[in-house]
$ cat input28.txt   # compact mmCIF, C-alpha atoms and all ligand atoms
# COMPACT_ATOMS: atom_id res chain seq x y z
CA MET A 186 -5.38 5.98 21.71
CA SER A 187 -2.41 4.13 20.21
CA HIS A 188 -0.88 5.15 16.90
CA ALA A 189 1.02 3.18 14.31
CA PRO A 190 4.82 3.42 14.39
CA LEU A 191 6.29 5.82 11.84
CA ILE A 192 8.67 4.72 9.09
CA THR A 193 11.04 7.28 7.59
CA LEU A 194 11.14 7.03 3.80
CA ASN A 195 14.22 7.75 1.67
CA ASP A 196 13.02 11.33 1.06
CA GLY A 197 12.84 12.02 4.80
CA VAL A 198 9.03 11.85 4.96
CA GLN A 199 7.44 9.78 7.73
CA ILE A 200 4.60 7.35 6.97
CA PRO A 201 2.50 5.46 9.54
CA GLN A 202 3.49 1.81 9.15
CA LEU A 203 -0.12 0.58 9.14
CA GLY A 204 -2.94 2.17 7.13
CA LEU A 205 -6.37 1.34 5.74
CA GLY A 206 -6.75 -0.01 2.19
CA VAL A 207 -10.03 0.68 0.37
CA TRP A 208 -9.89 -1.40 -2.82
CA GLN A 209 -13.27 -2.88 -3.84
CA LEU A 210 -15.20 -0.55 -1.53
CA SER A 211 -17.91 1.66 -2.99
CA ASP A 212 -17.55 5.40 -2.52
CA GLU A 213 -19.98 5.25 0.41
CA GLN A 214 -18.21 2.23 1.98
CA ALA A 215 -14.84 3.94 1.56
CA PHE A 216 -16.25 7.01 3.30
CA ALA A 217 -17.61 4.94 6.21
CA SER A 218 -14.50 2.76 6.53
CA SER A 219 -12.14 5.74 6.37
CA ALA A 220 -14.20 7.56 9.00
CA ALA A 221 -14.20 4.48 11.26
CA ALA A 222 -10.45 4.04 10.76
CA LEU A 223 -9.65 7.66 11.61
CA ALA A 224 -11.79 7.35 14.76
CA ALA A 225 -9.89 4.16 15.68
CA GLY A 226 -6.51 5.87 15.40
CA TYR A 227 -5.46 5.15 11.81
CA ARG A 228 -3.63 8.07 10.21
CA HIS A 229 -2.95 6.54 6.79
CA ILE A 230 -5.39 5.68 3.97
CA ASP A 231 -4.56 4.04 0.63
CA THR A 232 -6.86 4.60 -2.35
CA ALA A 233 -6.45 4.79 -6.14
CA MET A 234 -8.11 6.46 -9.10
CA ILE A 235 -9.32 3.08 -10.41
CA TYR A 236 -11.04 2.22 -7.08
CA GLY A 237 -13.65 4.90 -7.85
CA ASN A 238 -13.77 5.97 -4.22
CA GLU A 239 -11.31 8.87 -3.95
CA ALA A 240 -14.23 11.23 -3.30
CA GLY A 241 -15.47 9.13 -0.37
CA VAL A 242 -12.00 9.04 1.17
CA GLY A 243 -11.64 12.80 0.70
CA ARG A 244 -15.01 13.41 2.32
CA ALA A 245 -14.10 11.29 5.35
CA ILE A 246 -10.91 13.34 5.76
CA ALA A 247 -12.79 16.63 5.40
CA GLU A 248 -15.45 15.64 7.93
CA SER A 249 -13.03 14.15 10.46
CA ASP A 250 -11.85 15.95 13.59
CA VAL A 251 -8.30 14.85 12.74
CA PRO A 252 -6.32 17.72 11.14
CA ARG A 253 -5.42 17.14 7.49
CA ASP A 254 -1.68 17.38 8.21
CA GLU A 255 -1.93 14.41 10.60
CA ILE A 256 -3.35 12.09 7.91
CA PHE A 257 -1.15 10.37 5.31
CA VAL A 258 -3.12 9.90 2.07
CA THR A 259 -2.03 7.83 -0.90
CA THR A 260 -3.57 7.60 -4.34
CA LYS A 261 -2.41 6.04 -7.59
CA LEU A 262 -2.08 6.84 -11.27
CA TRP A 263 -4.25 4.48 -13.33
CA ASN A 264 -2.76 2.56 -16.24
CA ALA A 265 -4.81 4.32 -18.93
CA ASP A 266 -3.38 7.67 -17.79
CA GLN A 267 0.29 6.75 -18.15
CA GLY A 268 2.48 9.16 -20.11
CA PHE A 269 3.94 12.54 -19.09
CA ASP A 270 1.08 14.99 -19.79
CA SER A 271 -1.70 12.50 -19.02
CA THR A 272 -0.09 11.74 -15.65
CA LEU A 273 -0.12 15.44 -14.74
CA ARG A 274 -3.78 15.65 -15.76
CA ALA A 275 -4.68 12.49 -13.81
CA TYR A 276 -3.03 13.86 -10.66
CA ASP A 277 -5.10 17.03 -10.90
CA ALA A 278 -8.25 14.95 -11.44
CA SER A 279 -7.53 12.87 -8.32
CA LEU A 280 -6.95 15.98 -6.22
CA LYS A 281 -10.22 17.44 -7.43
CA LEU A 282 -12.13 14.26 -6.58
CA MET A 283 -10.54 14.10 -3.12
CA GLY A 284 -10.93 17.81 -2.44
CA LEU A 285 -7.25 18.01 -1.47
CA GLU A 286 -4.44 20.40 -2.40
CA LYS A 287 -1.90 17.58 -2.47
CA VAL A 288 -1.59 13.94 -1.50
CA ASP A 289 1.18 12.62 0.71
CA LEU A 290 2.11 9.82 -1.68
CA TYR A 291 1.38 9.39 -5.39
CA LEU A 292 2.10 5.97 -6.90
CA ILE A 293 2.29 4.54 -10.42
CA HIS A 294 -0.21 1.67 -10.10
CA TRP A 295 1.39 -0.86 -12.51
CA PRO A 296 4.50 -0.76 -14.73
CA LEU A 297 2.74 -2.04 -17.91
CA PRO A 298 6.03 -2.90 -19.63
CA SER A 299 4.20 -3.48 -22.93
CA LYS A 300 2.98 0.15 -22.96
CA ASN A 301 6.46 1.42 -22.10
CA ALA A 302 5.10 4.65 -20.65
CA TYR A 303 6.17 4.14 -17.04
CA PRO A 304 9.46 6.04 -17.54
CA SER A 305 7.64 9.18 -18.76
CA SER A 306 5.00 8.75 -16.04
CA TRP A 307 7.81 8.62 -13.47
CA ARG A 308 9.34 11.82 -14.89
CA ALA A 309 5.96 13.50 -14.38
CA LEU A 310 5.89 12.37 -10.73
CA VAL A 311 9.43 13.69 -10.26
CA GLN A 312 8.33 17.05 -11.68
CA LEU A 313 5.27 17.19 -9.39
CA GLN A 314 7.49 16.52 -6.40
CA LYS A 315 10.07 19.13 -7.44
CA GLN A 316 7.24 21.67 -7.74
CA GLY A 317 6.11 20.80 -4.22
CA ARG A 318 2.73 19.64 -5.53
CA VAL A 319 2.95 16.14 -4.01
CA GLY A 320 4.59 14.77 -0.86
CA SER A 321 6.34 11.50 -1.67
CA ILE A 322 6.37 9.61 -4.96
CA GLY A 323 6.59 5.89 -5.51
CA VAL A 324 5.46 2.89 -7.50
CA CYS A 325 3.46 -0.32 -7.21
CA ASN A 326 4.17 -3.70 -8.70
CA PHE A 327 7.58 -2.75 -10.09
CA ASN A 328 10.11 -5.52 -10.61
CA ALA A 329 13.83 -4.83 -10.24
CA GLU A 330 14.28 -4.06 -13.95
CA HIS A 331 11.50 -1.42 -13.88
CA LEU A 332 13.01 0.17 -10.78
CA GLU A 333 16.49 0.19 -12.29
CA ARG A 334 15.20 1.89 -15.43
CA ILE A 335 13.43 4.82 -13.71
CA ILE A 336 16.28 5.33 -11.26
CA GLY A 337 18.77 5.27 -14.15
CA ASP A 338 16.64 7.80 -16.10
CA THR A 339 16.08 10.33 -13.36
CA GLY A 340 18.40 9.56 -10.45
CA VAL A 341 15.31 9.66 -8.24
CA LYS A 342 14.44 6.55 -6.24
CA PRO A 343 10.81 5.78 -5.44
CA ALA A 344 10.06 6.24 -1.74
CA LEU A 345 8.39 2.84 -1.72
CA ASN A 346 7.26 -0.06 -3.88
CA GLN A 347 3.75 -1.33 -3.04
CA ILE A 348 3.68 -5.01 -3.97
CA GLU A 349 1.69 -8.17 -3.21
CA ILE A 350 3.06 -9.65 0.01
CA HIS A 351 1.49 -12.05 2.50
CA PRO A 352 2.87 -15.10 4.31
CA ASP A 353 1.99 -17.24 1.28
CA PHE A 354 3.85 -14.97 -1.16
CA VAL A 355 6.78 -13.15 0.39
CA GLN A 356 8.72 -11.97 -2.72
CA HIS A 357 12.02 -12.39 -0.93
CA ASP A 358 14.28 -11.42 -3.88
CA LEU A 359 12.34 -8.29 -4.80
CA VAL A 360 12.13 -7.18 -1.17
CA GLU A 361 15.88 -7.68 -0.83
CA PHE A 362 16.50 -5.67 -4.01
CA CYS A 363 14.30 -2.83 -2.73
CA GLN A 364 16.15 -2.85 0.59
CA SER A 365 19.49 -2.65 -1.22
CA GLN A 366 18.21 0.51 -2.95
CA GLY A 367 16.75 2.11 0.19
CA ILE A 368 13.21 1.62 -1.15
CA HIS A 369 10.64 0.57 1.44
CA THR A 370 8.18 -2.20 0.66
CA GLU A 371 4.47 -1.83 1.28
CA SER A 372 2.37 -5.00 1.36
CA TRP A 373 -0.86 -5.15 -0.62
CA SER A 374 -3.39 -7.92 -0.01
CA PRO A 375 -1.54 -8.38 3.30
CA LEU A 376 -4.28 -10.67 4.66
CA GLY A 377 -4.38 -12.76 1.49
CA GLN A 378 -7.63 -10.98 0.62
CA GLY A 379 -9.31 -12.57 3.63
CA GLY A 380 -9.20 -16.04 2.04
CA GLU A 381 -7.83 -19.43 3.09
CA LEU A 382 -4.73 -17.89 4.69
CA LEU A 383 -6.92 -16.91 7.66
CA ASN A 384 -7.51 -20.63 8.30
CA GLN A 385 -3.88 -21.71 8.00
CA LEU A 386 -3.08 -24.11 10.84
CA THR A 387 0.34 -22.76 11.86
CA LEU A 388 -1.07 -19.23 11.98
CA LYS A 389 -4.06 -20.44 13.99
CA GLY A 390 -1.74 -22.04 16.52
CA ILE A 391 0.35 -18.88 16.91
CA ALA A 392 -2.81 -16.78 17.20
CA ALA A 393 -4.20 -19.04 19.95
CA HIS A 394 -0.89 -18.86 21.82
CA HIS A 395 -0.98 -15.05 21.85
CA GLY A 396 -4.75 -14.78 22.40
CA ARG A 397 -5.06 -12.89 19.09
CA THR A 398 -6.79 -13.46 15.75
CA VAL A 399 -4.98 -14.88 12.71
CA ALA A 400 -5.40 -11.50 10.98
CA GLN A 401 -3.61 -9.80 13.87
CA VAL A 402 -0.78 -12.32 13.75
CA ILE A 403 -0.35 -11.78 9.99
CA LEU A 404 -0.31 -8.00 10.41
CA ARG A 405 2.26 -8.33 13.19
CA TRP A 406 4.39 -10.47 10.84
CA HIS A 407 4.33 -7.69 8.22
CA LEU A 408 5.26 -5.06 10.81
CA GLN A 409 8.10 -7.10 12.30
CA THR A 410 9.38 -7.96 8.81
CA GLY A 411 9.65 -4.20 8.23
CA HIS A 412 6.88 -3.76 5.65
CA ILE A 413 4.38 -0.93 5.59
CA VAL A 414 0.95 -2.57 5.54
CA ILE A 415 -2.54 -1.51 4.41
CA PRO A 416 -5.22 -4.07 5.37
CA ARG A 417 -8.71 -3.42 4.03
CA SER A 418 -11.92 -3.90 5.95
CA SER A 419 -15.42 -2.55 5.60
CA ASN A 420 -16.35 -3.93 9.02
CA PRO A 421 -15.95 -1.45 11.89
CA GLY A 422 -15.06 -4.19 14.40
CA ARG A 423 -12.36 -5.61 12.13
CA ILE A 424 -11.04 -2.11 11.39
CA VAL A 425 -10.46 -1.72 15.14
CA GLN A 426 -9.08 -5.27 15.46
CA ASN A 427 -6.57 -4.77 12.65
CA PHE A 428 -5.19 -1.71 14.41
CA ALA A 429 -4.81 -3.47 17.79
CA VAL A 430 -1.45 -4.96 16.85
CA PHE A 431 1.06 -2.67 18.53
CA ASP A 432 0.94 -4.25 22.00
CA PHE A 433 2.26 -7.75 21.38
CA GLU A 434 5.25 -9.30 19.67
CA LEU A 435 5.86 -12.47 17.71
CA SER A 436 8.88 -14.44 18.91
CA ALA A 437 11.78 -15.47 16.68
CA GLU A 438 10.25 -18.99 16.71
CA ASP A 439 6.87 -17.61 15.57
CA MET A 440 8.54 -15.67 12.76
CA ALA A 441 10.48 -18.77 11.66
CA ALA A 442 7.30 -20.90 11.71
CA ILE A 443 5.50 -18.31 9.55
CA ALA A 444 8.45 -18.18 7.14
CA ALA A 445 8.02 -21.93 6.61
CA ILE A 446 4.42 -21.77 5.37
CA GLU A 447 5.08 -20.00 2.09
CA GLN A 448 3.80 -21.79 -1.02
CA GLY A 449 4.47 -18.95 -3.46
CA LYS A 450 0.79 -18.35 -4.16
CA ARG A 451 0.32 -15.07 -6.02
CA LEU A 452 -3.29 -13.82 -5.76
CA GLY A 453 -3.08 -10.86 -8.13
CA PRO A 454 -1.79 -10.43 -11.68
CA ASP A 455 1.88 -10.78 -12.66
CA PRO A 456 3.31 -7.27 -13.17
CA ALA A 457 5.56 -8.51 -15.99
CA THR A 458 2.55 -9.25 -18.20
CA PHE A 459 -0.44 -7.37 -16.71
CA ASN A 460 -1.60 -4.73 -19.19
CA LEU A 461 -5.19 -3.82 -18.25
CA GLY A 462 -6.02 -0.33 -19.49
CA ALA A 463 -2.82 -0.12 -21.56
N1 LIG B 501 -1.19 -1.52 -5.75
C1 LIG B 501 -1.92 -2.55 -6.08
O1 LIG B 501 -1.84 -3.05 -7.21
C2 LIG B 501 -2.87 -3.11 -5.08
C3 LIG B 501 -3.51 -4.33 -5.35
C4 LIG B 501 -4.39 -4.84 -4.39
C5 LIG B 501 -4.59 -4.14 -3.21
N2 LIG B 501 -3.97 -2.94 -2.99
C6 LIG B 501 -4.18 -2.18 -1.72
O2 LIG B 501 -3.98 -3.05 -0.62
C7 LIG B 501 -5.14 -3.02 0.21
C8 LIG B 501 -5.32 -4.34 0.95
O3 LIG B 501 -5.39 -5.44 0.06
P1 LIG B 501 -6.79 -6.19 -0.29
O4 LIG B 501 -7.88 -5.21 -0.15
O5 LIG B 501 -6.60 -6.88 -1.59
O6 LIG B 501 -6.95 -7.35 0.76
P2 LIG B 501 -6.58 -7.69 2.29
O7 LIG B 501 -6.39 -6.45 3.09
O8 LIG B 501 -5.51 -8.71 2.24
O9 LIG B 501 -7.92 -8.44 2.74
C9 LIG B 501 -9.17 -7.80 2.78
C10 LIG B 501 -10.23 -8.85 3.07
O10 LIG B 501 -9.99 -9.41 4.35
C11 LIG B 501 -11.14 -9.27 5.18
N3 LIG B 501 -10.67 -8.91 6.52
C12 LIG B 501 -10.06 -7.75 6.90
N4 LIG B 501 -9.74 -7.78 8.20
C13 LIG B 501 -10.13 -8.99 8.67
C14 LIG B 501 -10.07 -9.61 9.95
N5 LIG B 501 -9.52 -8.99 10.99
N6 LIG B 501 -10.59 -10.84 10.07
C15 LIG B 501 -11.16 -11.48 9.00
N7 LIG B 501 -11.24 -10.94 7.77
C16 LIG B 501 -10.73 -9.71 7.61
C17 LIG B 501 -11.97 -8.18 4.56
O11 LIG B 501 -13.34 -8.41 4.77
P3 LIG B 501 -14.28 -7.34 5.59
O12 LIG B 501 -14.30 -6.08 4.76
O13 LIG B 501 -15.59 -8.03 5.65
O14 LIG B 501 -13.64 -7.14 6.93
C18 LIG B 501 -11.64 -8.32 3.09
O15 LIG B 501 -12.47 -9.27 2.47
C19 LIG B 501 -6.25 -2.71 -0.80
O16 LIG B 501 -7.47 -2.35 -0.17
C20 LIG B 501 -5.59 -1.62 -1.59
O17 LIG B 501 -5.61 -0.39 -0.88
C21 LIG B 501 -3.11 -2.44 -3.91

$ encode --input "input28.txt" --output "C-alpha cells"
Amino acid sequence: MSHAPLITLNDGVQIPQLGLGVWQLSDEQAFASSAAALAAGYRHIDTAMIYGNEAGVGRAIAESDVPRDEIFVTTKLWNADQGFDSTLRAYDASLKLMGLEKVDLYLIHWPLPSKNAYPSSWRALVQLQKQGRVGSIGVCNFNAEHLERIIGDTGVKPALNQIEIHPDFVQHDLVEFCQSQGIHTESWSPLGQGGELLNQLTLKGIAAHHGRTVAQVILRWHLQTGHIVIPRSSNPGRIVQNFAVFDFELSAEDMAAIAAIEQGKRLGPDPATFNLGA
C-alpha cells in the first residue's frame, strides 16, 4: 500500500502531505469515510469542532487496525470559543468527543479580527504545546497581518496556515508570505468543492493525457506546488481515487497551463470580514 509523502513542519513534526477532510459529513458519514480512508492508506484526517463529527472520526481511529501513533489527526477551535480560558476548555471538549489524549495538530479556525480574541487564543495554543498536551499548533484563514501579530506577541510561528486554495484561487501573495516565514500552507476546498472546476477544459485535457481524473490532476498540482492537501469525499471509490496520486507527475508545461486558468474565484468567506460565531 502506498503512503503519502511526509512534510516536516517548522516544529520538526512530520505530517502526511495528503489527508481526508470531513467538513459537511454527518458523524456517521465521517466515521465511514475515515474508516475507508484509513483502509486505503490515508494517515491524516482533518476535522473541526464546528463540523459536529469529531466523535465519528475518533471512533474510526479507535476501531481501526492502524496504531494511533501512525495517524495524524487535526481539529480546530471554533470561533465562539476564542479567548484564553475558553480555548483551553474547547480543546478538552474536543479531546473528550474524539476519545483521544491529544491531537497532532490544533488550529484556530478563523481569525475573526472584529472579535480580537485570536491573540489570546494563540497564547492558549502555545501553552498547550509547551505542556505537551498537543502536537503541533497552527491557524486557518490567517492573513499576513494576523500572522505577524501572533508571531510578534509570542515568538511562536504557526506550523501551518490552512487556507482556501485551488487552481481557481491560488493566493499567491499569502502563500509567498507564509513561505518566507517557514509556515507551510494547507489547501482547503482543494477540489473547488467538487464544482465547475472539475469540468475545466484545460484540466480535462491534462487529465486525458495522463489517463487520470481531473480531481487527481488537481491534487497532483497541490502536491507539486508544495501544499498539504485535504480533499473530502464520502464516496469510498473517490476516497481511493484521491489517494492514487503518488505514481504520476505533472510536467512543467502542465503546471504552467494550470497556473494560467486562475480567475481568482474565492468560494468561502473572506477572513478579513467573516465573523460567524463571534
Ligand atoms: N479551515 C477552514 O476554514 C476550512 C474550510 C473549508 C474546508 N476545510 C477543510 O478542507 C476539506 C476539503 O474541502 P471541502 O470539503 O470544502 O471540499 P473539496 O475537498 O474541495 O471537495 C469536496 C467535494 O468534491 C467531491 N469529490 C471529492 N473527490 C472527488 C473526485 N475524485 N471526483 C469528483 N468529485 C469528488 C465530493 O463529493 P463526494 O463526497 O460525493 O465524493 C465533495 O462534494 C474539508 O472537508 C475540511 O476538512 C477547512

$ closest_residue --input "input28.txt" --among "A:Ala392, A:Ala437, A:Val399, A:Ala429" --to "A:Gly379" --atoms "all atoms listed in the file"
A:Val399

$ atom_distance --input "input28.txt" --atom1 "atom CA of A:Ala222" --atom2 "atom CA of A:Met440"
27.4 Å

$ residues_near_ligand --input "input28.txt" --ligand "ligand LIG 501 (chain B)" --cutoff "8 Å" --atoms "all atoms listed in the file" --output "MDAnalysis selection string"
chainID A and resid 205:209 230:233 261 294:295 325:326 347:349 351 372:380 383 398:401 414:421 423:424 426:427 453

$ closest_residue --input "input28.txt" --among "A:Ile256, A:Ile235, A:Leu359, A:Ile246" --to "A:Ile293" --atoms "only C-alpha atoms"
A:Ile235

$ atom_distance --input "input28.txt" --atom1 "atom CA of A:Arg308" --atom2 "atom CA of A:Pro454"
25.1 Å

$ atom_distance --input "input28.txt" --atom1 "atom CA of A:Leu280" --atom2 "atom CA of A:Ser305"
20.4 Å

$ closest_residue --input "input28.txt" --among "A:Val288, A:Ala344, A:Leu310, A:Val242" --to "A:Gly323" --atoms "all atoms listed in the file"
A:Ala344

$ residues_around --input "input28.txt" --residues "A:Ala329" --least-positions-apart "3" --cutoff "7 Å" --atoms "all atoms listed in the file" --output "PyMOL selection string"
chain A and resi 332-333+359+362

$ closest_residue --input "input28.txt" --among "A:Gln202, A:Ser279, A:Gln364, A:Asn384" --to "A:Trp263" --atoms "only C-alpha atoms"
A:Ser279

$ residues_around --input "input28.txt" --residues "A:Asn238" --least-positions-apart "3" --cutoff "7 Å" --atoms "all atoms listed in the file" --output "list in words"
Ser211, Asp212, Ala215, Gly241 and Val242 of chain A

$ closest_residue --input "input28.txt" --among "A:Pro201, A:Gly462, A:Gly422, A:Gly390" --to "A:Ile443" --atoms "only C-alpha atoms"
A:Gly390

$ residues_near_point --input "input28.txt" --point "(-11.1, 12.7, -4.5)" --cutoff "9 Å" --atoms "all atoms listed in the file" --output "PyMOL selection string"
chain A and resi 234+237-244+278-285

$ residues_near_point --input "input28.txt" --point "(7.7, 7.8, 4.7)" --cutoff "10 Å" --atoms "all atoms listed in the file" --output "list in words"
Leu191, Ile192, Thr193, Leu194, Asn195, Asp196, Gly197, Val198, Gln199, Ile200, Pro201, Gln202, Phe257, Asp289, Leu290, Gly320, Ser321, Ile322, Ala344, Leu345, His369 and Ile413 of chain A

$ write_last_selection --input "input28.txt" --atoms "C-alpha atoms" --output "PDB file, in the frame of the given file"
ATOM      1  CA  LEU A 191       6.290   5.820  11.840  1.00  0.00           C
ATOM      2  CA  ILE A 192       8.670   4.720   9.090  1.00  0.00           C
ATOM      3  CA  THR A 193      11.040   7.280   7.590  1.00  0.00           C
ATOM      4  CA  LEU A 194      11.140   7.030   3.800  1.00  0.00           C
ATOM      5  CA  ASN A 195      14.220   7.750   1.670  1.00  0.00           C
ATOM      6  CA  ASP A 196      13.020  11.330   1.060  1.00  0.00           C
ATOM      7  CA  GLY A 197      12.840  12.020   4.800  1.00  0.00           C
ATOM      8  CA  VAL A 198       9.030  11.850   4.960  1.00  0.00           C
ATOM      9  CA  GLN A 199       7.440   9.780   7.730  1.00  0.00           C
ATOM     10  CA  ILE A 200       4.600   7.350   6.970  1.00  0.00           C
ATOM     11  CA  PRO A 201       2.500   5.460   9.540  1.00  0.00           C
ATOM     12  CA  GLN A 202       3.490   1.810   9.150  1.00  0.00           C
ATOM     13  CA  PHE A 257      -1.150  10.370   5.310  1.00  0.00           C
ATOM     14  CA  ASP A 289       1.180  12.620   0.710  1.00  0.00           C
ATOM     15  CA  LEU A 290       2.110   9.820  -1.680  1.00  0.00           C
ATOM     16  CA  GLY A 320       4.590  14.770  -0.860  1.00  0.00           C
ATOM     17  CA  SER A 321       6.340  11.500  -1.670  1.00  0.00           C
ATOM     18  CA  ILE A 322       6.370   9.610  -4.960  1.00  0.00           C
ATOM     19  CA  ALA A 344      10.060   6.240  -1.740  1.00  0.00           C
ATOM     20  CA  LEU A 345       8.390   2.840  -1.720  1.00  0.00           C
ATOM     21  CA  HIS A 369      10.640   0.570   1.440  1.00  0.00           C
ATOM     22  CA  ILE A 413       4.380  -0.930   5.590  1.00  0.00           C
TER      23      ILE A 413
END

$ residues_around --input "input28.txt" --residues "A:Glu330" --least-positions-apart "4" --cutoff "12 Å" --atoms "all atoms listed in the file" --output "MDAnalysis selection string"
chainID A and resid 296 298 303:304 326 334:337 359 362:363 456:457

$ closest_residue --input "input28.txt" --among "A:Asn346, A:Gln409, A:Thr259, A:Ser271" --to "A:Ser306" --atoms "all atoms listed in the file"
A:Ser271

$ axis_aligned_box --input "input28.txt" --around "stretch 333-336 of chain A" --padding-each-side "8 Å" --output "AutoDock Vina command-line options"
--center_x 15.0 --center_y 2.8 --center_z -13.3 --size_x 19.1 --size_y 21.1 --size_z 20.2

$ decode --input "input28.txt" --residues "stretch 252-259 of chain A" --atoms "all heavy atoms" --output "mmCIF file, in the first residue's frame"
data_model
loop_
_atom_site.group_PDB
_atom_site.id
_atom_site.type_symbol
_atom_site.label_atom_id
_atom_site.label_comp_id
_atom_site.auth_asym_id
_atom_site.auth_seq_id
_atom_site.Cartn_x
_atom_site.Cartn_y
_atom_site.Cartn_z
ATOM 1 N N PRO A 252 -2.285 1.718 14.201
ATOM 2 C CA PRO A 252 -1.979 2.257 15.533
ATOM 3 C C PRO A 252 -2.193 3.766 15.593
ATOM 4 O O PRO A 252 -1.947 4.472 14.610
ATOM 5 C CB PRO A 252 -0.485 1.923 15.726
ATOM 6 C CG PRO A 252 -0.172 0.880 14.712
ATOM 7 C CD PRO A 252 -1.134 1.054 13.583
ATOM 8 N N ARG A 253 -2.651 4.237 16.725
ATOM 9 C CA ARG A 253 -2.932 5.677 16.912
ATOM 10 C C ARG A 253 -1.733 6.540 16.528
ATOM 11 O O ARG A 253 -1.891 7.597 15.927
ATOM 12 C CB ARG A 253 -3.338 5.937 18.382
ATOM 13 C CG ARG A 253 -3.330 7.399 18.808
ATOM 14 C CD ARG A 253 -4.436 8.204 18.126
ATOM 15 N NE ARG A 253 -4.325 9.624 18.421
ATOM 16 C CZ ARG A 253 -3.740 10.525 17.624
ATOM 17 N NH1 ARG A 253 -3.211 10.153 16.460
ATOM 18 N NH2 ARG A 253 -3.705 11.788 17.958
ATOM 19 N N ASP A 254 -0.518 6.091 16.881
ATOM 20 C CA ASP A 254 0.645 6.955 16.640
ATOM 21 C C ASP A 254 1.050 7.003 15.164
ATOM 22 O O ASP A 254 1.979 7.712 14.792
ATOM 23 C CB ASP A 254 1.832 6.575 17.530
ATOM 24 C CG ASP A 254 2.356 5.171 17.250
ATOM 25 O OD1 ASP A 254 1.834 4.506 16.324
ATOM 26 O OD2 ASP A 254 3.298 4.744 17.954
ATOM 27 N N GLU A 255 0.340 6.251 14.319
ATOM 28 C CA GLU A 255 0.608 6.350 12.875
ATOM 29 C C GLU A 255 -0.422 7.228 12.162
ATOM 30 O O GLU A 255 -0.397 7.363 10.941
ATOM 31 C CB GLU A 255 0.615 4.944 12.249
ATOM 32 C CG GLU A 255 1.821 4.125 12.698
ATOM 33 C CD GLU A 255 1.834 2.724 12.123
ATOM 34 O OE1 GLU A 255 1.146 2.483 11.103
ATOM 35 O OE2 GLU A 255 2.519 1.870 12.711
ATOM 36 N N ILE A 256 -1.364 7.793 12.930
ATOM 37 C CA ILE A 256 -2.420 8.614 12.320
ATOM 38 C C ILE A 256 -2.271 10.057 12.786
ATOM 39 O O ILE A 256 -2.170 10.324 13.987
ATOM 40 C CB ILE A 256 -3.826 8.087 12.715
ATOM 41 C CG1 ILE A 256 -3.960 6.606 12.352
ATOM 42 C CG2 ILE A 256 -4.908 8.922 12.039
ATOM 43 C CD1 ILE A 256 -5.208 5.943 12.919
ATOM 44 N N PHE A 257 -2.271 10.976 11.843
ATOM 45 C CA PHE A 257 -2.140 12.410 12.140
ATOM 46 C C PHE A 257 -3.551 13.012 12.160
ATOM 47 O O PHE A 257 -4.237 13.034 11.137
ATOM 48 C CB PHE A 257 -1.274 13.075 11.067
ATOM 49 C CG PHE A 257 -0.836 14.461 11.424
ATOM 50 C CD1 PHE A 257 0.438 14.689 11.929
ATOM 51 C CD2 PHE A 257 -1.696 15.540 11.266
ATOM 52 C CE1 PHE A 257 0.850 15.974 12.269
ATOM 53 C CE2 PHE A 257 -1.291 16.827 11.609
ATOM 54 C CZ PHE A 257 -0.015 17.041 12.113
ATOM 55 N N VAL A 258 -3.984 13.478 13.324
ATOM 56 C CA VAL A 258 -5.350 13.999 13.471
ATOM 57 C C VAL A 258 -5.324 15.489 13.770
ATOM 58 O O VAL A 258 -4.615 15.944 14.663
ATOM 59 C CB VAL A 258 -6.093 13.321 14.652
ATOM 60 C CG1 VAL A 258 -7.577 13.665 14.594
ATOM 61 C CG2 VAL A 258 -5.888 11.841 14.650
ATOM 62 N N THR A 259 -6.136 16.208 13.020
ATOM 63 C CA THR A 259 -6.272 17.663 13.212
ATOM 64 C C THR A 259 -7.691 17.984 13.637
ATOM 65 O O THR A 259 -8.649 17.450 13.075
ATOM 66 C CB THR A 259 -6.010 18.401 11.878
ATOM 67 O OG1 THR A 259 -4.714 18.081 11.399
ATOM 68 C CG2 THR A 259 -6.145 19.903 12.044
#
